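Next up, start-v8.csv (CSV, C-alpha atoms):
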chain,number,residue,atom,x,y,z
A,1,MET,CA,-62.6,-147.6,-16.1
A,2,TYR,CA,-65.7,-146.0,-17.5
A,3,LYS,CA,-67.3,-145.8,-14.0
A,4,SER,CA,-64.1,-144.1,-12.7
A,5,VAL,CA,-64.2,-141.5,-15.4
A,6,ILE,CA,-67.9,-140.8,-14.5
A,7,ARG,CA,-67.1,-140.4,-10.8
A,8,PHE,CA,-64.2,-138.1,-11.6
A,9,LYS,CA,-66.5,-135.9,-13.8
A,10,GLN,CA,-69.1,-135.9,-11.0
A,11,LEU,CA,-66.4,-134.8,-8.5
A,12,LEU,CA,-65.2,-132.0,-10.8
A,13,THR,CA,-68.9,-130.9,-11.2
A,14,SER,CA,-69.4,-130.9,-7.4
A,15,LEU,CA,-66.2,-128.8,-6.8
A,16,ALA,CA,-67.3,-126.3,-9.5
A,17,VAL,CA,-70.7,-125.9,-7.9
A,18,ILE,CA,-69.1,-125.4,-4.4
A,19,PHE,CA,-66.8,-122.8,-5.9
A,20,ILE,CA,-69.7,-120.9,-7.5
A,21,ILE,CA,-71.8,-121.0,-4.4
A,22,SER,CA,-68.8,-119.9,-2.3
A,23,SER,CA,-68.2,-117.0,-4.7
A,24,CYS,CA,-71.8,-116.0,-4.7
A,25,SER,CA,-72.0,-116.1,-0.9
A,26,ASN,CA,-69.0,-113.8,-0.7
A,27,CYS,CA,-70.8,-111.4,-3.0
A,28,ILE,CA,-74.0,-111.6,-1.0
A,29,MET,CA,-72.1,-111.0,2.3
A,30,LYS,CA,-70.4,-107.9,1.0
A,31,PRO,CA,-72.6,-106.0,-1.5
A,32,ILE,CA,-70.3,-103.0,-1.6
A,33,SER,CA,-71.5,-100.1,-3.7
A,34,LYS,CA,-69.1,-99.0,-6.3
A,35,SER,CA,-70.4,-95.5,-6.3
A,36,VAL,CA,-68.6,-92.7,-4.4
A,37,SER,CA,-70.4,-90.1,-2.3
A,38,LYS,CA,-70.7,-86.8,-4.1
A,39,SER,CA,-71.6,-83.4,-2.5
A,40,CYS,CA,-75.2,-82.3,-3.0
A,41,LYS,CA,-76.5,-79.0,-4.2
A,42,PHE,CA,-77.5,-76.5,-1.5
A,43,PRO,CA,-81.0,-75.0,-1.8
A,44,PRO,CA,-81.0,-71.2,-1.7
A,45,TYR,CA,-80.5,-69.8,1.8
A,46,LEU,CA,-83.4,-68.0,3.4
A,47,LYS,CA,-84.1,-64.3,3.9
A,48,GLU,CA,-86.5,-62.5,6.1
A,49,GLY,CA,-90.1,-63.1,5.2
A,50,ASP,CA,-89.5,-66.4,3.4
A,51,LYS,CA,-92.2,-69.0,3.7
A,52,VAL,CA,-91.6,-72.2,5.7
A,53,ALA,CA,-94.0,-75.1,5.5
A,54,ILE,CA,-94.5,-77.1,8.7
A,55,ILE,CA,-95.5,-80.7,8.1
A,56,SER,CA,-96.0,-83.9,10.2
A,57,PRO,CA,-95.0,-86.7,7.9
A,58,ALA,CA,-95.1,-89.4,10.6
A,59,GLY,CA,-96.4,-89.1,14.2
A,60,ALA,CA,-99.0,-86.8,15.4
A,61,SER,CA,-97.6,-83.6,17.1
A,62,ASP,CA,-99.3,-81.9,20.0
A,63,SER,CA,-100.4,-78.3,19.9
A,64,ILE,CA,-97.8,-77.0,22.3
A,65,MET,CA,-95.0,-78.2,20.1
A,66,LEU,CA,-96.7,-77.0,16.9
A,67,ASN,CA,-97.4,-73.6,18.2
A,68,GLY,CA,-93.9,-73.4,19.7
A,69,ALA,CA,-92.4,-74.1,16.2
A,70,LEU,CA,-94.7,-71.4,14.7
A,71,LYS,CA,-93.5,-68.9,17.3
A,72,CYS,CA,-89.9,-69.7,17.0
A,73,LEU,CA,-89.9,-69.3,13.2
A,74,LYS,CA,-91.8,-66.0,13.4
A,75,ASN,CA,-89.1,-64.8,15.9
A,76,TRP,CA,-86.6,-65.6,13.2
A,77,LYS,CA,-88.7,-63.2,10.9
A,78,LEU,CA,-89.8,-66.0,8.7
A,79,SER,CA,-93.4,-66.8,7.5
A,80,PRO,CA,-94.3,-70.2,8.8
A,81,CYS,CA,-97.6,-72.0,7.8
A,82,PHE,CA,-99.1,-75.4,8.6
A,83,GLU,CA,-99.8,-77.8,5.7
A,84,LYS,CA,-103.4,-79.1,5.8
A,85,TYR,CA,-102.9,-82.3,7.9
A,86,ALA,CA,-99.8,-81.1,10.0
A,87,THR,CA,-102.0,-80.6,13.1
A,88,GLY,CA,-104.2,-83.8,12.6
A,89,ALA,CA,-104.3,-87.1,14.2
A,90,TYR,CA,-105.0,-90.6,12.8
A,91,ASN,CA,-104.2,-93.4,15.3
A,92,ASP,CA,-100.5,-92.6,16.2
A,93,TYR,CA,-100.0,-90.7,12.9
A,94,SER,CA,-100.8,-87.1,11.9
A,95,GLY,CA,-103.0,-88.5,9.2
A,96,THR,CA,-103.5,-91.4,6.8
A,97,ALA,CA,-100.5,-92.2,4.5
A,98,GLU,CA,-102.4,-90.5,1.7
A,99,GLN,CA,-102.9,-87.3,3.8
A,100,ARG,CA,-99.3,-87.2,5.0
A,101,LEU,CA,-98.1,-87.7,1.4
A,102,ALA,CA,-100.4,-84.9,0.2
A,103,ASP,CA,-98.9,-82.5,2.7
A,104,LEU,CA,-95.4,-83.5,1.8
A,105,GLN,CA,-96.0,-83.3,-1.9
A,106,GLN,CA,-97.7,-79.9,-1.5
A,107,ALA,CA,-94.7,-78.5,0.4
A,108,PHE,CA,-92.3,-80.0,-2.2
A,109,ASP,CA,-94.2,-78.5,-5.1
A,110,ASP,CA,-94.9,-75.0,-3.8
A,111,PRO,CA,-92.2,-72.7,-5.3
A,112,ASP,CA,-92.9,-70.1,-2.6
A,113,VAL,CA,-91.8,-72.5,0.2
A,114,LYS,CA,-88.1,-72.1,0.9
A,115,ALA,CA,-87.8,-74.6,3.8
A,116,ILE,CA,-89.8,-77.5,5.2
A,117,LEU,CA,-89.8,-78.1,8.9
A,118,CYS,CA,-90.9,-81.6,10.0
A,119,SER,CA,-92.8,-81.2,13.3
A,120,ARG,CA,-91.5,-84.5,14.7
A,121,GLY,CA,-90.3,-87.9,13.8
A,122,GLY,CA,-91.9,-91.2,14.8
A,123,TYR,CA,-92.5,-94.2,12.6
A,124,GLY,CA,-94.3,-93.5,9.4
A,125,VAL,CA,-92.0,-91.8,6.9
A,126,ILE,CA,-91.2,-95.1,5.3
A,127,HIS,CA,-94.8,-95.2,4.0
A,128,LEU,CA,-94.1,-92.2,1.7
A,129,ILE,CA,-90.6,-92.2,0.3
A,130,ASP,CA,-91.3,-94.2,-2.9
A,131,LYS,CA,-94.4,-92.2,-3.8
A,132,ILE,CA,-93.0,-88.6,-3.9
A,133,ASN,CA,-92.7,-86.7,-7.2
A,134,PHE,CA,-89.5,-84.7,-7.4
A,135,THR,CA,-90.3,-82.8,-10.7
A,136,ARG,CA,-91.1,-79.5,-9.1
A,137,PHE,CA,-88.8,-79.9,-6.1
A,138,ASN,CA,-85.8,-80.3,-8.5
A,139,ARG,CA,-86.8,-77.0,-10.1
A,140,HIS,CA,-87.2,-75.2,-6.8
A,141,PRO,CA,-85.1,-77.1,-4.2
A,142,LYS,CA,-85.7,-76.2,-0.6
A,143,TRP,CA,-84.2,-77.1,2.8
A,144,LEU,CA,-85.8,-80.0,4.7
A,145,ILE,CA,-85.3,-79.9,8.5
A,146,GLY,CA,-85.7,-82.8,10.9
A,147,TYR,CA,-84.1,-85.9,12.5
A,148,SER,CA,-85.0,-89.3,13.9
A,149,ASP,CA,-87.3,-91.0,11.3
A,150,ILE,CA,-86.9,-88.0,9.1
A,151,THR,CA,-83.5,-89.7,8.3
A,152,ALA,CA,-85.4,-91.6,5.5
A,153,LEU,CA,-86.4,-88.3,3.9
A,154,HIS,CA,-82.8,-87.0,4.1
A,155,SER,CA,-81.6,-90.2,2.3
A,156,LEU,CA,-84.3,-89.8,-0.3
A,157,ILE,CA,-83.4,-86.1,-1.0
A,158,GLN,CA,-79.7,-86.9,-1.2
A,159,HIS,CA,-80.6,-89.5,-3.7
A,160,HIS,CA,-81.8,-86.5,-5.8
A,161,SER,CA,-78.5,-84.7,-5.1
A,162,VAL,CA,-79.9,-82.0,-2.8
A,163,ALA,CA,-78.6,-81.2,0.7
A,164,SER,CA,-80.8,-81.1,3.8
A,165,ILE,CA,-80.4,-80.4,7.5
A,166,HIS,CA,-80.5,-83.0,10.2
A,167,ALA,CA,-81.6,-80.7,13.1
A,168,PRO,CA,-84.0,-80.0,16.0
A,169,MET,CA,-87.7,-79.9,15.3
A,170,SER,CA,-90.8,-78.5,17.0
A,171,GLU,CA,-90.3,-80.0,20.5
A,172,GLN,CA,-87.0,-78.1,21.0
A,173,MET,CA,-88.4,-75.0,19.4
A,174,ALA,CA,-91.3,-75.1,21.9
A,175,TYR,CA,-89.4,-75.9,25.1
A,176,GLU,CA,-85.9,-74.5,24.8
A,177,PRO,CA,-85.0,-70.8,25.3
A,178,ASP,CA,-84.1,-68.4,22.5
A,179,SER,CA,-80.4,-68.8,23.6
A,180,ASP,CA,-80.4,-72.6,22.8
A,181,ARG,CA,-77.2,-73.3,21.0
A,182,SER,CA,-78.5,-76.0,18.6
A,183,LEU,CA,-81.4,-73.8,17.5
A,184,ASN,CA,-79.1,-70.8,16.9
A,185,TYR,CA,-76.9,-73.0,14.8
A,186,LEU,CA,-79.9,-74.1,12.7
A,187,LYS,CA,-81.0,-70.5,12.3
A,188,ASN,CA,-77.5,-69.5,11.1
A,189,ILE,CA,-77.4,-72.3,8.6
A,190,LEU,CA,-80.8,-71.4,7.1
A,191,PHE,CA,-79.6,-67.8,6.6
A,192,GLY,CA,-76.3,-68.8,5.1
A,193,LYS,CA,-73.9,-68.7,8.0
A,194,LEU,CA,-72.3,-72.2,8.3
A,195,PRO,CA,-70.9,-73.2,11.8
A,196,ALA,CA,-67.6,-74.7,12.7
A,197,TYR,CA,-67.9,-77.2,15.5
A,198,HIS,CA,-65.4,-78.0,18.2
A,199,ILE,CA,-66.0,-80.6,20.9
A,200,ALA,CA,-63.8,-82.0,23.7
A,201,ALA,CA,-61.6,-85.1,23.2
A,202,ASP,CA,-62.9,-88.5,24.0
A,203,MET,CA,-60.8,-91.5,25.1
A,204,ASN,CA,-62.4,-93.7,22.4
A,205,ASN,CA,-61.6,-91.3,19.5
A,206,HIS,CA,-59.4,-92.4,16.6
A,207,PRO,CA,-57.1,-89.4,15.7
A,208,GLY,CA,-56.6,-88.2,12.2
A,209,LYS,CA,-58.0,-85.9,9.5
A,210,ALA,CA,-60.6,-86.8,6.9
A,211,THR,CA,-62.5,-85.0,4.1
A,212,GLY,CA,-65.8,-86.4,2.9
A,213,ILE,CA,-69.5,-86.0,2.4
A,214,LEU,CA,-71.5,-85.9,5.6
A,215,ARG,CA,-74.4,-88.4,5.6
A,216,GLY,CA,-76.3,-90.5,8.1
A,217,GLY,CA,-78.8,-90.0,10.9
A,218,ASN,CA,-80.8,-92.4,13.0
A,219,LEU,CA,-79.1,-95.8,12.9
A,220,SER,CA,-82.3,-97.9,12.9
A,221,VAL,CA,-83.7,-96.0,10.0
A,222,TYR,CA,-80.5,-96.1,8.1
A,223,TYR,CA,-80.3,-99.8,8.8
A,224,GLY,CA,-83.8,-100.2,7.4
A,225,LEU,CA,-82.7,-98.6,4.1
A,226,ARG,CA,-79.7,-100.8,3.5
A,227,GLY,CA,-79.9,-102.5,0.1
A,228,THR,CA,-82.5,-100.1,-1.2
A,229,PRO,CA,-82.0,-97.3,-3.8
A,230,TYR,CA,-81.8,-94.9,-0.8
A,231,ASP,CA,-78.8,-96.6,0.8
A,232,ILE,CA,-75.7,-94.5,1.5
A,233,PRO,CA,-72.6,-95.2,-0.6
A,234,PRO,CA,-69.8,-95.6,1.9
A,235,LYS,CA,-66.9,-94.5,-0.2
A,236,GLY,CA,-66.1,-90.9,0.3
A,237,THR,CA,-68.6,-90.6,3.2
A,238,ILE,CA,-68.2,-89.3,6.7
A,239,LEU,CA,-71.0,-91.2,8.4
A,240,PHE,CA,-72.8,-90.0,11.5
A,241,ILE,CA,-75.1,-92.3,13.6
A,242,GLU,CA,-77.3,-91.9,16.6
A,243,ASP,CA,-80.3,-93.7,18.2
A,244,VAL,CA,-82.7,-93.8,21.1
A,245,GLY,CA,-84.4,-96.5,23.1
A,246,GLU,CA,-82.6,-99.4,21.6
A,247,HIS,CA,-81.2,-102.4,23.4
A,248,TYR,CA,-77.4,-102.7,23.3
A,249,HIS,CA,-77.5,-106.0,21.4
A,250,THR,CA,-79.7,-104.4,18.7
A,251,ILE,CA,-77.2,-101.5,18.3
A,252,GLU,CA,-74.4,-104.1,18.0
A,253,ARG,CA,-76.4,-106.2,15.5
A,254,MET,CA,-76.9,-103.1,13.2
A,255,LEU,CA,-73.3,-102.2,13.4
A,256,TYR,CA,-72.3,-105.7,12.6
A,257,ASN,CA,-74.5,-105.4,9.5
A,258,LEU,CA,-72.4,-102.4,8.5
A,259,LYS,CA,-69.2,-104.3,9.2
A,260,LEU,CA,-70.1,-107.5,7.4
A,261,GLY,CA,-71.7,-105.5,4.5
A,262,GLY,CA,-68.4,-103.7,3.8
A,263,VAL,CA,-69.7,-100.3,4.9
A,264,LEU,CA,-67.4,-99.6,7.8
A,265,GLU,CA,-64.2,-100.5,6.0
A,266,ASN,CA,-64.9,-98.1,3.2
A,267,LEU,CA,-65.8,-94.9,5.1
A,268,SER,CA,-63.6,-91.8,5.1
A,269,GLY,CA,-64.6,-91.1,8.7
A,270,LEU,CA,-67.3,-91.9,11.4
A,271,ILE,CA,-69.1,-89.8,13.9
A,272,ILE,CA,-70.7,-91.7,16.9
A,273,GLY,CA,-73.5,-89.5,18.2
A,274,GLN,CA,-75.7,-89.9,21.2
A,275,PHE,CA,-77.3,-93.3,22.0
A,276,SER,CA,-79.8,-92.3,24.6
A,277,LYS,CA,-82.4,-94.1,26.8
A,278,ILE,CA,-80.8,-97.5,26.5
A,279,ASP,CA,-82.7,-100.0,28.7
A,280,LYS,CA,-80.3,-100.6,31.7
A,281,LYS,CA,-82.4,-103.5,33.0
A,282,GLU,CA,-81.3,-105.8,30.1
A,283,TRP,CA,-78.3,-107.9,31.0
A,284,MET,CA,-76.3,-106.9,27.9
A,285,ASN,CA,-76.6,-103.3,28.8
A,286,ASP,CA,-74.5,-103.8,31.9
A,287,LYS,CA,-71.7,-103.1,29.3
A,288,ASP,CA,-70.7,-99.5,28.6
A,289,THR,CA,-72.3,-98.9,25.3
A,290,TYR,CA,-69.7,-96.5,23.9
A,291,ARG,CA,-66.8,-98.7,25.1
A,292,SER,CA,-68.4,-101.7,23.4
A,293,ILE,CA,-68.9,-99.7,20.2
A,294,ALA,CA,-65.3,-98.6,20.4
A,295,ASN,CA,-64.1,-102.3,20.7
A,296,LEU,CA,-66.1,-103.2,17.6
A,297,LEU,CA,-64.5,-100.3,15.6
A,298,ALA,CA,-61.0,-100.8,16.9
A,299,GLU,CA,-59.7,-102.3,13.6
A,300,TYR,CA,-60.5,-99.2,11.6
A,301,HIS,CA,-57.8,-96.5,11.2
A,302,TYR,CA,-59.7,-93.6,9.8
A,303,PRO,CA,-60.8,-90.7,12.1
A,304,ILE,CA,-63.6,-91.7,14.4
A,305,CYS,CA,-65.3,-89.2,16.8
A,306,PHE,CA,-67.2,-90.4,19.8
A,307,GLY,CA,-69.9,-88.5,21.7
A,308,PHE,CA,-70.8,-85.9,19.2
A,309,PRO,CA,-73.8,-83.9,20.3
A,310,VAL,CA,-76.3,-85.1,17.7
A,311,GLY,CA,-79.4,-87.3,18.4
A,312,HIS,CA,-82.4,-87.5,20.6
A,313,VAL,CA,-80.9,-85.1,23.2
A,314,THR,CA,-81.3,-81.4,23.9
A,315,GLU,CA,-77.9,-80.5,22.5
A,316,ASN,CA,-78.5,-81.7,19.0
A,317,TYR,CA,-76.2,-79.9,16.7
A,318,PRO,CA,-77.5,-79.4,13.1
A,319,LEU,CA,-75.6,-81.3,10.4
A,320,ILE,CA,-75.9,-80.6,6.7
A,321,GLU,CA,-76.4,-83.9,4.9
A,322,GLY,CA,-74.8,-84.1,1.6
A,323,ALA,CA,-72.2,-81.3,2.4
A,324,LYS,CA,-68.5,-81.7,2.1
A,325,VAL,CA,-66.7,-81.4,5.4
A,326,GLU,CA,-63.3,-81.8,7.0
A,327,MET,CA,-63.0,-83.5,10.3
A,328,SER,CA,-59.8,-83.3,12.4
A,329,ILE,CA,-59.3,-85.3,15.6
A,330,ASN,CA,-56.4,-85.0,18.0
A,331,ALA,CA,-55.7,-84.7,21.7
A,332,ASN,CA,-57.2,-81.2,21.8
A,333,GLY,CA,-60.6,-82.5,20.6
A,334,VAL,CA,-62.6,-82.7,17.4
A,335,ASP,CA,-63.1,-80.0,14.8
A,336,ILE,CA,-65.6,-80.2,12.0
A,337,HIS,CA,-66.1,-77.5,9.4
A,338,TYR,CA,-67.8,-77.2,6.0
A,339,LEU,CA,-65.9,-76.9,2.8
A,340,LYS,CA,-67.1,-74.7,0.0
Could I get this structure in the form of structure tokens?
Amino acid sequence: MYKSVIRFKQLLTSLAVIFIISSCSNCIMKPISKSVSKSCKFPPYLKEGDKVAIISPAGASDSIMLNGALKCLKNWKLSPCFEKYATGAYNDYSGTAEQRLADLQQAFDDPDVKAILCSRGGYGVIHLIDKINFTRFNRHPKWLIGYSDITALHSLIQHHSVASIHAPMSEQMAYEPDSDRSLNYLKNILFGKLPAYHIAADMNNHPGKATGILRGGNLSVYYGLRGTPYDIPPKGTILFIEDVGEHYHTIERMLYNLKLGGVLENLSGLIIGQFSKIDKKEWMNDKDTYRSIANLLAEYHYPICFGFPVGHVTENYPLIEGAKVEMSINANGVDIHYLK
């Protein structure tokens, strides 16, 4: 009788342990943030003669692109200048991590700088984001411009409740004509004229209307920030994603992370940008990338836009990260406009 009681107690203990482990596993699998996306403060819009700092916080940028950016900004009647190491080179970077941080901090701290243009992306921004002092930036917020790996800086700045611009950088400024639509949208935003976007309908779109805070950028960089203080709260967010040079199975793996982590189910809306330069030789890439993404997203009933012109492509429409927007999707296409 005594042994039976002991065995019964052991069984109850085992069941309790299994229940606790199961509960913890569910928590680990779906670490959903309870915070809700909130709109960010816009830095002051620019006026003619304002100072714009050009920095290279990651990869080294060639002189053609740097001089092209300088010329473009001057044509906009702004006063661009290079930070000390913006034109440098150290291995694949523009400088050591310390040098790149010094440039970024200088641009953040200078009250005369009204906007910061990142010359290019490339790996390396992640070295800096936990080392930046925001004391002076918060007193004198300014627009940060860039995309690709600059996504990490956008996430960092939104963490400090300031909006920034996911937009073309020096390469497009150097090689595209003055009539380039994306560059003109960027110029208009900087001077306070916010665009309203309309694009054609896509067969994969999910119709509907959503209001939320626009956040996102490069999927690989965003994926790398998951679970850090710079992660994006999904609730109240209209997320946009893009990427370049990834294998299809890598894109799918990152999207499954967002699915299993509870991100996708909590969004207000989703914008699928351009996934360019996918390796067609890999057997998994015989699939149609966008169709496969559409299949993965089929269960979600909020508005989803496919094929928005944002990413590592010439037509790279600027998007204000941290801004409140309304997105409407129907048979006539997709409309996105900013809300005051």
Residue nearest Pro233 (chain A) among A:Pro195, A:Gly322, A:Gly245, A:Gly273 (counting all atoms listed in the file):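 Between A:Pro195, A:Gly322, A:Gly245, A:Gly273, the residue approaching Pro233 (chain A) most closely is A:Gly322.
Counting only C-alpha atoms and comparing A:Tyr93, A:Tyr300, A:Phe82, A:Tyr230, the residue that lies closest to Gly59 (chain A) is A:Tyr93.
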Between CA of Asp335 (chain A) and CA of Arg120 (chain A), what is the distance in Å, rounded to a tenth?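 So the answer is 28.8 Å.
When only C-alpha atoms are used to measure the gap to Asn204 (chain A), the shortest distance among A:Tyr290, A:Trp76, A:Phe275, A:Phe137 belongs to A:Tyr290.
Near (-89.5, -81.1, 15.0), the residues that fall inside 6 Å on the basis of all atoms listed in the file are Cys118, Ser119, Arg120, Gly146, Pro168, Met169, Ser170 and Glu171 of chain A.
Our summary of the geometry notes that CA of His337 (chain A) is positioned 27.4 Å from CA of Ala69 (chain A).
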Between CA of Arg100 (chain A) and CA of Leu183 (chain A), what is the distance in Å, rounded to a tenth?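 It comes out at 25.6 Å.
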Pick from A:Thr289, A:Gln158, A:Ser61, A:Asn332, whichever lies nearest to Pro229 (chain A) using only C-alpha atoms: A:Gln158
Tell me which of A:Val244, A:Tyr302, A:Tyr256, A:Leu144 sits closest to Ile278 (chain A), counting all atoms listed in the file.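 Closest residue, counting all atoms listed in the file: A:Val244.
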Have a look at A:Arg136, A:Lys47, A:His198, A:His154 and name the one nearest to Cys305 (chain A); count only C-alpha atoms.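 Closest residue, counting only C-alpha atoms: A:His198.
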As a VMD selection string, please: the residues near Ser79 (chain A) (cut-off 9 Å, only C-alpha atoms, same-chain neighbours under 5 positions excluded). chain A and resid 48 to 53 70 73 to 74
Determine, counting all atoms listed in the file, which protein, DNA and RNA residues have an atom within 9 Å of an atom of Pro57 (chain A); residues of the same chain fewer than 4 positions away are not included. Present the result as a list of chain:residue names.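 Counting all atoms listed in the file, the residues come to A:Ala86, A:Tyr93, A:Ser94, A:Gly95, A:Ala97, A:Gln99, A:Arg100, A:Leu101, A:Asp103, A:Leu104, A:Cys118, A:Ser119, A:Arg120, A:Gly121, A:Gly122, A:Gly124, A:Val125, A:Leu128, A:Ile150.
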I'd like the contact shell of Leu153 (chain A) - 12 Å cut-off, all atoms listed in the file, skipping same-chain residues fewer than 3 positions apart - returned as a ChimeraX atom specification. /A:57-58,101,104,108,116-118,121,124-132,143-150,156-160,162-166,216-218,221-222,225,230-231,321
Within 7 Å of Ala210 (chain A) using all atoms listed in the file, minus same-chain residues under 3 positions, as a ChimeraX atom specification: /A:268-269,303,326-328
What's the 9 Å shell around Ile293 (chain A), counting only C-alpha atoms, without same-chain residues fewer than 4 positions away, as a short mmCIF file (atom, residue, chain, number, x, y, z; two decimals) with C-alpha atoms, in the frame of the given file?
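See around.cif below for the written result:
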data_model
loop_
_atom_site.label_atom_id
_atom_site.label_comp_id
_atom_site.auth_asym_id
_atom_site.auth_seq_id
_atom_site.Cartn_x
_atom_site.Cartn_y
_atom_site.Cartn_z
CA ILE A 251 -77.20 -101.50 18.30
CA GLU A 252 -74.40 -104.10 18.00
CA LEU A 255 -73.30 -102.20 13.40
CA ILE A 272 -70.70 -91.70 16.90
CA ASP A 288 -70.70 -99.50 28.60
CA THR A 289 -72.30 -98.90 25.30
CA LEU A 297 -64.50 -100.30 15.60
CA ALA A 298 -61.00 -100.80 16.90
#
Rebuild region 144-161 of chain A to N, CA and C atoms - output it as a short mmCIF file (atom, residue, chain, number, x, y, z; two decimals), in the frame of the given file, please.
data_model
loop_
_atom_site.label_atom_id
_atom_site.label_comp_id
_atom_site.auth_asym_id
_atom_site.auth_seq_id
_atom_site.Cartn_x
_atom_site.Cartn_y
_atom_site.Cartn_z
N LEU A 144 -84.97 -79.17 3.81
CA LEU A 144 -85.80 -80.00 4.70
C LEU A 144 -85.08 -80.11 6.02
N ILE A 145 -85.84 -79.95 7.11
CA ILE A 145 -85.30 -79.90 8.50
C ILE A 145 -85.94 -81.00 9.31
N GLY A 146 -85.12 -81.77 10.02
CA GLY A 146 -85.70 -82.80 10.90
C GLY A 146 -84.64 -83.83 11.26
N TYR A 147 -84.99 -84.74 12.16
CA TYR A 147 -84.10 -85.90 12.50
C TYR A 147 -84.95 -87.06 12.89
N SER A 148 -84.36 -88.06 13.51
CA SER A 148 -85.00 -89.30 13.90
C SER A 148 -85.52 -90.01 12.61
N ASP A 149 -86.82 -90.34 12.51
CA ASP A 149 -87.30 -91.00 11.30
C ASP A 149 -87.25 -90.17 10.07
N ILE A 150 -87.02 -88.88 10.22
CA ILE A 150 -86.90 -88.00 9.10
C ILE A 150 -85.57 -88.37 8.32
N THR A 151 -84.71 -89.19 8.93
CA THR A 151 -83.50 -89.70 8.30
C THR A 151 -83.88 -90.32 6.90
N ALA A 152 -85.04 -90.97 6.81
CA ALA A 152 -85.40 -91.60 5.50
C ALA A 152 -85.65 -90.51 4.46
N LEU A 153 -86.22 -89.36 4.84
CA LEU A 153 -86.40 -88.30 3.90
C LEU A 153 -85.06 -87.66 3.49
N HIS A 154 -84.16 -87.54 4.45
CA HIS A 154 -82.80 -87.00 4.10
C HIS A 154 -82.16 -87.92 3.08
N SER A 155 -82.22 -89.22 3.28
CA SER A 155 -81.60 -90.20 2.30
C SER A 155 -82.25 -90.05 0.96
N LEU A 156 -83.57 -89.90 0.95
CA LEU A 156 -84.30 -89.80 -0.30
C LEU A 156 -83.86 -88.48 -1.05
N ILE A 157 -83.78 -87.37 -0.33
CA ILE A 157 -83.40 -86.10 -1.00
C ILE A 157 -81.98 -86.11 -1.45
N GLN A 158 -81.08 -86.73 -0.68
CA GLN A 158 -79.70 -86.90 -1.20
C GLN A 158 -79.64 -87.71 -2.42
N HIS A 159 -80.53 -88.68 -2.53
CA HIS A 159 -80.60 -89.50 -3.70
C HIS A 159 -80.90 -88.63 -4.96
N HIS A 160 -81.51 -87.46 -4.72
CA HIS A 160 -81.80 -86.50 -5.80
C HIS A 160 -80.75 -85.35 -5.79
N SER A 161 -79.64 -85.58 -5.10
CA SER A 161 -78.50 -84.70 -5.10
C SER A 161 -78.75 -83.31 -4.52
#
